[in-house]
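Undergrad: Structure in structure tokens, see below.
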Amino acid sequence: MMLAYRVNYYSGIVIYSLNIGVYYFLWMAIYGSNQSLQGLSAVQMATYISISWMARAFYFNNLDREIAQEIRDGTVAIQLIRPYHYLLVKVFQGFGEGIFRLLLFSIPGMVVVSLIFPIHLPDPGVVWLKFALSLLLGFIVNVEINLITGLLAFFVLNNQGLIRAKRVMVDLLSGLFIPISFYPEWAQIVLNYLPFQAISYLPSMVLVKGLGGTEFMHALMIQAAWCVLLCIPIQAIWRKARKILVVQGG
């Protein structure tokens, strides 16, 4: 279905490449003559930007918007009587879309970007397996946040403003625009208690810095913990939502 709209597919690679280019030149201007800032060299920063944006193509999805739309048009009622778990289907729908974007979007995009910008990717090996595991956990955390946002439509009926606010918060606080290590110390402390770093910052740092040993396990434990903790509000909201469902159309 996604390949049916090929213009969107090809333009997506171009748009992501342009985003990487904009942030690359912006950060290179910030670095100036400095060889390193906040523990990241200029080359590592260029790599971080590229990895973060291409990883976003994998974990990004519109499940929250789709759930809200199904609630508004009433088709969620049909979904609920079918012999499968509604939320689990949505998770795997997002995962299928993510696999498509990873294989046919992120990888070709990284090839294009590596030919344009001076980035340094590690050689094939264990570090890529660590990155893949961390990225998968980041995807799960992002999906769970999207499910929570989408399910809130059961209560407010129109959550478009909430969806837009959530998207900005995820992009800003996950380290996509600015690595978390560049935030003020008080902000880093606050972000350590929020799930957003588990989406983009930690997977990107695993690859860029080649985290290993206790550092990698610490990052992995943070991501795994949020994967489990976010299941609690999802189940609570889901149980309440099914009891108060009012179909507005359909």
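Naming works like this for the structure tokens: A, B, ... for the chains as they're shown, residue 1 at the start of each chain, ligands 1 onward in shown order.
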Find the residues around A:Val76 up to 9 Å (only C-alpha atoms counted), leave out those fewer than 4 positions away in its own chain, and share them as a PyMOL selection string.

TA: chain A and resi 67+69-72+80-81+86+247+250

Undergrad: Could you save those same residues with all heavy atoms as a PDB file, in the first residue's frame?

TA:
```pdb
ATOM      1  N   ILE A  67      -6.168   5.600  15.412  1.00  0.00           N
ATOM      2  CA  ILE A  67      -7.096   5.199  16.468  1.00  0.00           C
ATOM      3  C   ILE A  67      -8.145   6.283  16.691  1.00  0.00           C
ATOM      4  O   ILE A  67      -9.349   5.999  16.805  1.00  0.00           O
ATOM      5  CB  ILE A  67      -6.330   4.907  17.775  1.00  0.00           C
ATOM      6  CG1 ILE A  67      -5.451   3.659  17.611  1.00  0.00           C
ATOM      7  CG2 ILE A  67      -7.304   4.707  18.935  1.00  0.00           C
ATOM      8  CD1 ILE A  67      -4.540   3.394  18.801  1.00  0.00           C
ATOM      9  N   GLN A  69      -9.189   8.502  14.575  1.00  0.00           N
ATOM     10  CA  GLN A  69     -10.085   8.555  13.429  1.00  0.00           C
ATOM     11  C   GLN A  69     -11.126   7.442  13.488  1.00  0.00           C
ATOM     12  O   GLN A  69     -12.313   7.655  13.201  1.00  0.00           O
ATOM     13  CB  GLN A  69      -9.280   8.451  12.131  1.00  0.00           C
ATOM     14  CG  GLN A  69     -10.114   8.498  10.853  1.00  0.00           C
ATOM     15  CD  GLN A  69     -10.877   9.794  10.715  1.00  0.00           C
ATOM     16  OE1 GLN A  69     -10.374  10.864  11.052  1.00  0.00           O
ATOM     17  NE2 GLN A  69     -12.116   9.712  10.221  1.00  0.00           N
ATOM     18  N   GLU A  70     -10.696   6.241  13.885  1.00  0.00           N
ATOM     19  CA  GLU A  70     -11.632   5.115  13.988  1.00  0.00           C
ATOM     20  C   GLU A  70     -12.653   5.340  15.091  1.00  0.00           C
ATOM     21  O   GLU A  70     -13.800   4.884  14.986  1.00  0.00           O
ATOM     22  CB  GLU A  70     -10.852   3.824  14.232  1.00  0.00           C
ATOM     23  CG  GLU A  70     -10.044   3.372  13.023  1.00  0.00           C
ATOM     24  CD  GLU A  70      -9.204   2.139  13.300  1.00  0.00           C
ATOM     25  OE1 GLU A  70      -9.227   1.651  14.457  1.00  0.00           O
ATOM     26  OE2 GLU A  70      -8.535   1.652  12.368  1.00  0.00           O
ATOM     27  N   ILE A  71     -12.262   6.058  16.133  1.00  0.00           N
ATOM     28  CA  ILE A  71     -13.212   6.379  17.197  1.00  0.00           C
ATOM     29  C   ILE A  71     -14.224   7.405  16.712  1.00  0.00           C
ATOM     30  O   ILE A  71     -15.433   7.294  16.977  1.00  0.00           O
ATOM     31  CB  ILE A  71     -12.456   6.897  18.435  1.00  0.00           C
ATOM     32  CG1 ILE A  71     -11.617   5.776  19.051  1.00  0.00           C
ATOM     33  CG2 ILE A  71     -13.438   7.450  19.473  1.00  0.00           C
ATOM     34  CD1 ILE A  71     -10.691   6.232  20.153  1.00  0.00           C
ATOM     35  N   ARG A  72     -13.756   8.389  15.966  1.00  0.00           N
ATOM     36  CA  ARG A  72     -14.651   9.440  15.484  1.00  0.00           C
ATOM     37  C   ARG A  72     -15.648   8.919  14.449  1.00  0.00           C
ATOM     38  O   ARG A  72     -16.810   9.304  14.463  1.00  0.00           O
ATOM     39  CB  ARG A  72     -13.844  10.604  14.895  1.00  0.00           C
ATOM     40  CG  ARG A  72     -13.162  11.478  15.928  1.00  0.00           C
ATOM     41  CD  ARG A  72     -12.744  12.818  15.338  1.00  0.00           C
ATOM     42  NE  ARG A  72     -11.848  12.631  14.198  1.00  0.00           N
ATOM     43  CZ  ARG A  72     -10.524  12.538  14.312  1.00  0.00           C
ATOM     44  NH1 ARG A  72      -9.966  12.605  15.512  1.00  0.00           N
ATOM     45  NH2 ARG A  72      -9.758  12.375  13.254  1.00  0.00           N
ATOM     46  N   LEU A  80     -13.666  -3.892  17.528  1.00  0.00           N
ATOM     47  CA  LEU A  80     -13.730  -4.474  18.867  1.00  0.00           C
ATOM     48  C   LEU A  80     -14.457  -5.820  18.900  1.00  0.00           C
ATOM     49  O   LEU A  80     -14.249  -6.611  19.829  1.00  0.00           O
ATOM     50  CB  LEU A  80     -14.405  -3.500  19.833  1.00  0.00           C
ATOM     51  CG  LEU A  80     -13.625  -2.212  20.134  1.00  0.00           C
ATOM     52  CD1 LEU A  80     -14.407  -1.323  21.083  1.00  0.00           C
ATOM     53  CD2 LEU A  80     -12.255  -2.535  20.729  1.00  0.00           C
ATOM     54  N   ILE A  81     -15.313  -6.089  17.936  1.00  0.00           N
ATOM     55  CA  ILE A  81     -16.037  -7.366  17.944  1.00  0.00           C
ATOM     56  C   ILE A  81     -15.323  -8.437  17.127  1.00  0.00           C
ATOM     57  O   ILE A  81     -15.776  -9.581  17.093  1.00  0.00           O
ATOM     58  CB  ILE A  81     -17.482  -7.183  17.408  1.00  0.00           C
ATOM     59  CG1 ILE A  81     -17.460  -6.773  15.935  1.00  0.00           C
ATOM     60  CG2 ILE A  81     -18.254  -6.200  18.259  1.00  0.00           C
ATOM     61  CD1 ILE A  81     -18.849  -6.694  15.314  1.00  0.00           C
ATOM     62  N   TYR A  86      -7.386  -5.603  19.717  1.00  0.00           N
ATOM     63  CA  TYR A  86      -7.325  -4.369  18.926  1.00  0.00           C
ATOM     64  C   TYR A  86      -5.973  -3.676  19.039  1.00  0.00           C
ATOM     65  O   TYR A  86      -5.364  -3.300  18.025  1.00  0.00           O
ATOM     66  CB  TYR A  86      -8.444  -3.430  19.387  1.00  0.00           C
ATOM     67  CG  TYR A  86      -8.451  -2.087  18.710  1.00  0.00           C
ATOM     68  CD1 TYR A  86      -8.829  -1.949  17.382  1.00  0.00           C
ATOM     69  CD2 TYR A  86      -8.090  -0.932  19.412  1.00  0.00           C
ATOM     70  CE1 TYR A  86      -8.851  -0.710  16.761  1.00  0.00           C
ATOM     71  CE2 TYR A  86      -8.110   0.312  18.808  1.00  0.00           C
ATOM     72  CZ  TYR A  86      -8.488   0.416  17.480  1.00  0.00           C
ATOM     73  OH  TYR A  86      -8.493   1.652  16.870  1.00  0.00           O
ATOM     74  N   VAL A 247     -20.282   5.436  20.100  1.00  0.00           N
ATOM     75  CA  VAL A 247     -19.992   5.521  18.671  1.00  0.00           C
ATOM     76  C   VAL A 247     -20.632   6.780  18.101  1.00  0.00           C
ATOM     77  O   VAL A 247     -21.859   6.979  18.220  1.00  0.00           O
ATOM     78  CB  VAL A 247     -20.501   4.272  17.936  1.00  0.00           C
ATOM     79  CG1 VAL A 247     -20.273   4.411  16.443  1.00  0.00           C
ATOM     80  CG2 VAL A 247     -19.783   3.023  18.453  1.00  0.00           C
ATOM     81  N   GLY A 250     -20.461   5.817  11.777  1.00  0.00           N
ATOM     82  CA  GLY A 250     -20.303   4.436  11.339  1.00  0.00           C
ATOM     83  C   GLY A 250     -21.539   3.931  10.630  1.00  0.00           C
ATOM     84  O   GLY A 250     -22.511   4.638  10.423  1.00  0.00           O
TER      85      GLY A 250
END
```

Undergrad: Applying 9 Å and only C-alpha atoms, which residues near stretch 204-209 of chain A remain after dropping the ones on its own chain fewer than 2 positions away? List them as an MDAnalysis selection string.

TA: chainID A and resid 40 44:45 47:49 51:52 55 120:122 127:128 130:131 134:135 200:202 211:212 215:216 219

Undergrad: When distances are computed from only C-alpha atoms, which of A:Ser114, A:Val91, A:Ala241, A:Asn61 shows the smallest separation from A:Ser17?

TA: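 Looking at the shortest contact to A:Ser17, the residue is A:Ser114.
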
Undergrad: Could you list, as number ranges by chain, every residue within 9 Å of stretch 228-235 of chain A, counting only C-alpha atoms and ignoring same-chain residues fewer than 2 positions away?

TA: A: 141, 144-145, 147-148, 151, 195, 223-226, 237-240

Undergrad: Could you check the closest approach to A:Tyr59 for each of A:Val170, A:Val22, A:Leu152, A:Ile119 and tell me which residue wins, using only C-alpha atoms?

TA: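 Looking only at the distances to A:Tyr59, the closest residue turns out to be A:Val170.
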
Undergrad: Got a sec to tell me which of stretch 77-151 of chain A DSSP assigns to helix (DSSP H, G or I), as number ranges by chain?

TA: A: 77-81, 86-116, 126-151

Undergrad: Extract, using only C-alpha atoms, all DNA, RNA and protein residues at most 10 Å from A:Arg65, discarding same-chain residues fewer than 6 positions from it, and format them as a PDB file with N, CA and C atoms, in the first residue's frame.

TA:
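Saved result, around-v6.pdb, follows:
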```
ATOM      1  N   ILE A  71     -12.262   6.058  16.133  1.00  0.00           N
ATOM      2  CA  ILE A  71     -13.212   6.379  17.197  1.00  0.00           C
ATOM      3  C   ILE A  71     -14.224   7.405  16.712  1.00  0.00           C
ATOM      4  N   ASN A 146       2.143   6.467  21.587  1.00  0.00           N
ATOM      5  CA  ASN A 146       1.121   6.713  20.577  1.00  0.00           C
ATOM      6  C   ASN A 146      -0.204   6.059  20.959  1.00  0.00           C
ATOM      7  N   LEU A 147      -0.148   4.853  21.520  1.00  0.00           N
ATOM      8  CA  LEU A 147      -1.376   4.172  21.934  1.00  0.00           C
ATOM      9  C   LEU A 147      -2.083   4.957  23.033  1.00  0.00           C
ATOM     10  N   THR A 149      -1.877   8.176  23.605  1.00  0.00           N
ATOM     11  CA  THR A 149      -2.434   9.396  23.003  1.00  0.00           C
ATOM     12  C   THR A 149      -3.683   9.090  22.198  1.00  0.00           C
ATOM     13  N   GLY A 150      -3.647   8.003  21.429  1.00  0.00           N
ATOM     14  CA  GLY A 150      -4.807   7.635  20.626  1.00  0.00           C
ATOM     15  C   GLY A 150      -5.995   7.226  21.470  1.00  0.00           C
ATOM     16  N   LEU A 151      -5.762   6.461  22.535  1.00  0.00           N
ATOM     17  CA  LEU A 151      -6.856   5.987  23.384  1.00  0.00           C
ATOM     18  C   LEU A 151      -7.551   7.120  24.126  1.00  0.00           C
ATOM     19  N   ALA A 153      -8.691   9.588  22.901  1.00  0.00           N
ATOM     20  CA  ALA A 153      -9.806  10.050  22.080  1.00  0.00           C
ATOM     21  C   ALA A 153     -11.131   9.449  22.550  1.00  0.00           C
ATOM     22  N   ASN A 159      -8.861  14.633  19.772  1.00  0.00           N
ATOM     23  CA  ASN A 159      -7.564  14.820  20.430  1.00  0.00           C
ATOM     24  C   ASN A 159      -6.483  15.261  19.455  1.00  0.00           C
ATOM     25  N   GLN A 160      -6.884  15.958  18.386  1.00  0.00           N
ATOM     26  CA  GLN A 160      -5.916  16.381  17.375  1.00  0.00           C
ATOM     27  C   GLN A 160      -4.863  17.321  17.961  1.00  0.00           C
ATOM     28  N   ILE A 163      -2.413  15.269  19.895  1.00  0.00           N
ATOM     29  CA  ILE A 163      -1.522  14.511  19.008  1.00  0.00           C
ATOM     30  C   ILE A 163      -0.399  15.402  18.495  1.00  0.00           C
ATOM     31  N   ARG A 164      -0.744  16.625  18.093  1.00  0.00           N
ATOM     32  CA  ARG A 164       0.288  17.548  17.600  1.00  0.00           C
ATOM     33  C   ARG A 164       1.273  17.894  18.709  1.00  0.00           C
TER      34      ARG A 164
END
```

Undergrad: Work out how far apart atom CA of A:Val111 and atom CA of A:Phe92 are and give it in Å to one decimal.

TA: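 Going from atom CA of A:Val111 over to atom CA of A:Phe92 covers 27.3 Å.
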
Undergrad: Which residues are close to A:Gln93, i.e. within 12 Å by only C-alpha atoms, leaving aside same-chain residues fewer than 2 positions away? Reply as a PDB file with all heavy atoms, in the first residue's frame.

TA:
```
ATOM      1  N   TYR A  59      10.816   4.134  13.715  1.00  0.00           N
ATOM      2  CA  TYR A  59       9.916   4.129  14.868  1.00  0.00           C
ATOM      3  C   TYR A  59       8.719   5.048  14.713  1.00  0.00           C
ATOM      4  O   TYR A  59       7.739   4.948  15.450  1.00  0.00           O
ATOM      5  CB  TYR A  59      10.669   4.465  16.166  1.00  0.00           C
ATOM      6  CG  TYR A  59      11.221   5.870  16.287  1.00  0.00           C
ATOM      7  CD1 TYR A  59      10.389   6.969  16.479  1.00  0.00           C
ATOM      8  CD2 TYR A  59      12.595   6.108  16.248  1.00  0.00           C
ATOM      9  CE1 TYR A  59      10.890   8.253  16.609  1.00  0.00           C
ATOM     10  CE2 TYR A  59      13.116   7.384  16.388  1.00  0.00           C
ATOM     11  CZ  TYR A  59      12.260   8.445  16.570  1.00  0.00           C
ATOM     12  OH  TYR A  59      12.762   9.720  16.702  1.00  0.00           O
ATOM     13  N   PHE A  60       8.731   5.946  13.720  1.00  0.00           N
ATOM     14  CA  PHE A  60       7.619   6.886  13.547  1.00  0.00           C
ATOM     15  C   PHE A  60       6.403   6.171  12.948  1.00  0.00           C
ATOM     16  O   PHE A  60       6.521   5.356  12.037  1.00  0.00           O
ATOM     17  CB  PHE A  60       8.030   8.039  12.636  1.00  0.00           C
ATOM     18  CG  PHE A  60       6.903   8.991  12.340  1.00  0.00           C
ATOM     19  CD1 PHE A  60       6.585  10.000  13.227  1.00  0.00           C
ATOM     20  CD2 PHE A  60       6.163   8.865  11.172  1.00  0.00           C
ATOM     21  CE1 PHE A  60       5.550  10.878  12.959  1.00  0.00           C
ATOM     22  CE2 PHE A  60       5.125   9.738  10.896  1.00  0.00           C
ATOM     23  CZ  PHE A  60       4.818  10.745  11.792  1.00  0.00           C
ATOM     24  N   ASN A  61       5.227   6.486  13.468  1.00  0.00           N
ATOM     25  CA  ASN A  61       3.972   5.996  12.894  1.00  0.00           C
ATOM     26  C   ASN A  61       2.831   6.906  13.335  1.00  0.00           C
ATOM     27  O   ASN A  61       3.005   7.769  14.201  1.00  0.00           O
ATOM     28  CB  ASN A  61       3.696   4.544  13.315  1.00  0.00           C
ATOM     29  CG  ASN A  61       3.677   4.361  14.822  1.00  0.00           C
ATOM     30  OD1 ASN A  61       2.786   4.836  15.506  1.00  0.00           O
ATOM     31  ND2 ASN A  61       4.702   3.671  15.334  1.00  0.00           N
ATOM     32  N   ASN A  62       1.682   6.696  12.722  1.00  0.00           N
ATOM     33  CA  ASN A  62       0.506   7.525  12.999  1.00  0.00           C
ATOM     34  C   ASN A  62      -0.597   6.715  13.674  1.00  0.00           C
ATOM     35  O   ASN A  62      -1.788   6.938  13.415  1.00  0.00           O
ATOM     36  CB  ASN A  62      -0.023   8.145  11.699  1.00  0.00           C
ATOM     37  CG  ASN A  62       0.859   9.274  11.193  1.00  0.00           C
ATOM     38  OD1 ASN A  62       1.188  10.197  11.934  1.00  0.00           O
ATOM     39  ND2 ASN A  62       1.246   9.199   9.941  1.00  0.00           N
ATOM     40  N   LEU A  63      -0.218   5.772  14.528  1.00  0.00           N
ATOM     41  CA  LEU A  63      -1.216   4.933  15.177  1.00  0.00           C
ATOM     42  C   LEU A  63      -2.184   5.760  16.021  1.00  0.00           C
ATOM     43  O   LEU A  63      -3.379   5.458  16.086  1.00  0.00           O
ATOM     44  CB  LEU A  63      -0.530   3.886  16.056  1.00  0.00           C
ATOM     45  CG  LEU A  63       0.312   2.833  15.328  1.00  0.00           C
ATOM     46  CD1 LEU A  63       0.871   1.830  16.313  1.00  0.00           C
ATOM     47  CD2 LEU A  63      -0.501   2.132  14.257  1.00  0.00           C
ATOM     48  N   GLU A  66      -4.689   7.289  13.705  1.00  0.00           N
ATOM     49  CA  GLU A  66      -5.585   6.281  13.143  1.00  0.00           C
ATOM     50  C   GLU A  66      -6.607   5.811  14.172  1.00  0.00           C
ATOM     51  O   GLU A  66      -7.783   5.629  13.842  1.00  0.00           O
ATOM     52  CB  GLU A  66      -4.766   5.098  12.624  1.00  0.00           C
ATOM     53  CG  GLU A  66      -3.872   5.446  11.439  1.00  0.00           C
ATOM     54  CD  GLU A  66      -2.955   4.307  11.064  1.00  0.00           C
ATOM     55  OE1 GLU A  66      -3.165   3.183  11.564  1.00  0.00           O
ATOM     56  OE2 GLU A  66      -2.028   4.531  10.267  1.00  0.00           O
ATOM     57  N   ILE A  67      -6.168   5.600  15.412  1.00  0.00           N
ATOM     58  CA  ILE A  67      -7.096   5.199  16.468  1.00  0.00           C
ATOM     59  C   ILE A  67      -8.145   6.283  16.691  1.00  0.00           C
ATOM     60  O   ILE A  67      -9.349   5.999  16.805  1.00  0.00           O
ATOM     61  CB  ILE A  67      -6.330   4.907  17.775  1.00  0.00           C
ATOM     62  CG1 ILE A  67      -5.451   3.659  17.611  1.00  0.00           C
ATOM     63  CG2 ILE A  67      -7.304   4.707  18.935  1.00  0.00           C
ATOM     64  CD1 ILE A  67      -4.540   3.394  18.801  1.00  0.00           C
ATOM     65  N   TYR A  86      -7.386  -5.603  19.717  1.00  0.00           N
ATOM     66  CA  TYR A  86      -7.325  -4.369  18.926  1.00  0.00           C
ATOM     67  C   TYR A  86      -5.973  -3.676  19.039  1.00  0.00           C
ATOM     68  O   TYR A  86      -5.364  -3.300  18.025  1.00  0.00           O
ATOM     69  CB  TYR A  86      -8.444  -3.430  19.387  1.00  0.00           C
ATOM     70  CG  TYR A  86      -8.451  -2.087  18.710  1.00  0.00           C
ATOM     71  CD1 TYR A  86      -8.829  -1.949  17.382  1.00  0.00           C
ATOM     72  CD2 TYR A  86      -8.090  -0.932  19.412  1.00  0.00           C
ATOM     73  CE1 TYR A  86      -8.851  -0.710  16.761  1.00  0.00           C
ATOM     74  CE2 TYR A  86      -8.110   0.312  18.808  1.00  0.00           C
ATOM     75  CZ  TYR A  86      -8.488   0.416  17.480  1.00  0.00           C
ATOM     76  OH  TYR A  86      -8.493   1.652  16.870  1.00  0.00           O
ATOM     77  N   LEU A  87      -5.475  -3.506  20.251  1.00  0.00           N
ATOM     78  CA  LEU A  87      -4.220  -2.781  20.447  1.00  0.00           C
ATOM     79  C   LEU A  87      -3.032  -3.566  19.908  1.00  0.00           C
ATOM     80  O   LEU A  87      -2.095  -2.985  19.356  1.00  0.00           O
ATOM     81  CB  LEU A  87      -4.018  -2.476  21.938  1.00  0.00           C
ATOM     82  CG  LEU A  87      -5.060  -1.556  22.592  1.00  0.00           C
ATOM     83  CD1 LEU A  87      -4.675  -1.274  24.032  1.00  0.00           C
ATOM     84  CD2 LEU A  87      -5.204  -0.262  21.814  1.00  0.00           C
ATOM     85  N   LEU A  88      -3.068  -4.896  20.068  1.00  0.00           N
ATOM     86  CA  LEU A  88      -1.960  -5.715  19.574  1.00  0.00           C
ATOM     87  C   LEU A  88      -1.877  -5.650  18.058  1.00  0.00           C
ATOM     88  O   LEU A  88      -0.781  -5.622  17.485  1.00  0.00           O
ATOM     89  CB  LEU A  88      -2.136  -7.161  20.036  1.00  0.00           C
ATOM     90  CG  LEU A  88      -0.904  -8.069  19.931  1.00  0.00           C
ATOM     91  CD1 LEU A  88       0.257  -7.499  20.749  1.00  0.00           C
ATOM     92  CD2 LEU A  88      -1.237  -9.480  20.385  1.00  0.00           C
ATOM     93  N   VAL A  89      -3.021  -5.625  17.406  1.00  0.00           N
ATOM     94  CA  VAL A  89      -3.040  -5.480  15.946  1.00  0.00           C
ATOM     95  C   VAL A  89      -2.419  -4.153  15.536  1.00  0.00           C
ATOM     96  O   VAL A  89      -1.652  -4.078  14.564  1.00  0.00           O
ATOM     97  CB  VAL A  89      -4.480  -5.599  15.411  1.00  0.00           C
ATOM     98  CG1 VAL A  89      -4.559  -5.166  13.944  1.00  0.00           C
ATOM     99  CG2 VAL A  89      -4.984  -7.024  15.554  1.00  0.00           C
ATOM    100  N   LYS A  90      -2.734  -3.096  16.271  1.00  0.00           N
ATOM    101  CA  LYS A  90      -2.170  -1.782  15.963  1.00  0.00           C
ATOM    102  C   LYS A  90      -0.650  -1.776  16.124  1.00  0.00           C
ATOM    103  O   LYS A  90       0.072  -1.174  15.326  1.00  0.00           O
ATOM    104  CB  LYS A  90      -2.795  -0.722  16.873  1.00  0.00           C
ATOM    105  CG  LYS A  90      -4.247  -0.410  16.556  1.00  0.00           C
ATOM    106  CD  LYS A  90      -4.388   0.125  15.145  1.00  0.00           C
ATOM    107  CE  LYS A  90      -5.822   0.455  14.812  1.00  0.00           C
ATOM    108  NZ  LYS A  90      -5.971   0.892  13.383  1.00  0.00           N
ATOM    109  N   VAL A  91      -0.167  -2.469  17.173  1.00  0.00           N
ATOM    110  CA  VAL A  91       1.279  -2.536  17.393  1.00  0.00           C
ATOM    111  C   VAL A  91       1.973  -3.195  16.207  1.00  0.00           C
ATOM    112  O   VAL A  91       2.978  -2.687  15.692  1.00  0.00           O
ATOM    113  CB  VAL A  91       1.592  -3.305  18.692  1.00  0.00           C
ATOM    114  CG1 VAL A  91       3.097  -3.567  18.798  1.00  0.00           C
ATOM    115  CG2 VAL A  91       1.111  -2.520  19.905  1.00  0.00           C
ATOM    116  N   PHE A  95       4.624  -1.957  13.427  1.00  0.00           N
ATOM    117  CA  PHE A  95       5.889  -2.669  13.240  1.00  0.00           C
ATOM    118  C   PHE A  95       6.106  -3.016  11.770  1.00  0.00           C
ATOM    119  O   PHE A  95       7.218  -2.896  11.254  1.00  0.00           O
ATOM    120  CB  PHE A  95       5.903  -3.940  14.086  1.00  0.00           C
ATOM    121  CG  PHE A  95       7.204  -4.696  14.024  1.00  0.00           C
ATOM    122  CD1 PHE A  95       8.357  -4.162  14.580  1.00  0.00           C
ATOM    123  CD2 PHE A  95       7.276  -5.933  13.410  1.00  0.00           C
ATOM    124  CE1 PHE A  95       9.565  -4.853  14.517  1.00  0.00           C
ATOM    125  CE2 PHE A  95       8.473  -6.628  13.340  1.00  0.00           C
ATOM    126  CZ  PHE A  95       9.619  -6.084  13.898  1.00  0.00           C
ATOM    127  N   GLY A  96       5.037  -3.446  11.083  1.00  0.00           N
ATOM    128  CA  GLY A  96       5.159  -3.742   9.656  1.00  0.00           C
ATOM    129  C   GLY A  96       5.535  -2.509   8.854  1.00  0.00           C
ATOM    130  O   GLY A  96       6.387  -2.568   7.956  1.00  0.00           O
ATOM    131  N   GLU A  97       4.907  -1.385   9.201  1.00  0.00           N
ATOM    132  CA  GLU A  97       5.253  -0.126   8.531  1.00  0.00           C
ATOM    133  C   GLU A  97       6.694   0.259   8.824  1.00  0.00           C
ATOM    134  O   GLU A  97       7.416   0.730   7.940  1.00  0.00           O
ATOM    135  CB  GLU A  97       4.308   0.975   8.998  1.00  0.00           C
ATOM    136  CG  GLU A  97       4.574   2.329   8.359  1.00  0.00           C
ATOM    137  CD  GLU A  97       3.634   3.400   8.859  1.00  0.00           C
ATOM    138  OE1 GLU A  97       2.574   3.057   9.419  1.00  0.00           O
ATOM    139  OE2 GLU A  97       3.959   4.595   8.698  1.00  0.00           O
ATOM    140  N   GLY A  98       7.127   0.025  10.069  1.00  0.00           N
ATOM    141  CA  GLY A  98       8.499   0.359  10.440  1.00  0.00           C
ATOM    142  C   GLY A  98       9.512  -0.487   9.692  1.00  0.00           C
ATOM    143  O   GLY A  98      10.558   0.019   9.258  1.00  0.00           O
ATOM    144  N   ILE A  99       9.235  -1.784   9.524  1.00  0.00           N
ATOM    145  CA  ILE A  99      10.144  -2.665   8.779  1.00  0.00           C
ATOM    146  C   ILE A  99      10.257  -2.208   7.334  1.00  0.00           C
ATOM    147  O   ILE A  99      11.346  -2.177   6.747  1.00  0.00           O
ATOM    148  CB  ILE A  99       9.655  -4.122   8.839  1.00  0.00           C
ATOM    149  CG1 ILE A  99       9.800  -4.671  10.271  1.00  0.00           C
ATOM    150  CG2 ILE A  99      10.426  -4.993   7.860  1.00  0.00           C
ATOM    151  CD1 ILE A  99      11.228  -4.770  10.740  1.00  0.00           C
ATOM    152  N   PHE A 100       9.119  -1.831   6.748  1.00  0.00           N
ATOM    153  CA  PHE A 100       9.136  -1.317   5.376  1.00  0.00           C
ATOM    154  C   PHE A 100      10.021  -0.073   5.274  1.00  0.00           C
ATOM    155  O   PHE A 100      10.868   0.038   4.379  1.00  0.00           O
ATOM    156  CB  PHE A 100       7.718  -0.980   4.921  1.00  0.00           C
ATOM    157  CG  PHE A 100       7.662  -0.247   3.602  1.00  0.00           C
ATOM    158  CD1 PHE A 100       7.651  -0.934   2.406  1.00  0.00           C
ATOM    159  CD2 PHE A 100       7.639   1.142   3.571  1.00  0.00           C
ATOM    160  CE1 PHE A 100       7.610  -0.256   1.191  1.00  0.00           C
ATOM    161  CE2 PHE A 100       7.603   1.828   2.363  1.00  0.00           C
ATOM    162  CZ  PHE A 100       7.594   1.129   1.172  1.00  0.00           C
ATOM    163  N   VAL A 143       5.612   3.469  20.271  1.00  0.00           N
ATOM    164  CA  VAL A 143       4.291   2.906  19.988  1.00  0.00           C
ATOM    165  C   VAL A 143       3.389   3.018  21.210  1.00  0.00           C
ATOM    166  O   VAL A 143       2.205   3.371  21.102  1.00  0.00           O
ATOM    167  CB  VAL A 143       4.411   1.437  19.539  1.00  0.00           C
ATOM    168  CG1 VAL A 143       3.058   0.734  19.623  1.00  0.00           C
ATOM    169  CG2 VAL A 143       4.926   1.358  18.114  1.00  0.00           C
TER     170      VAL A 143
END
```
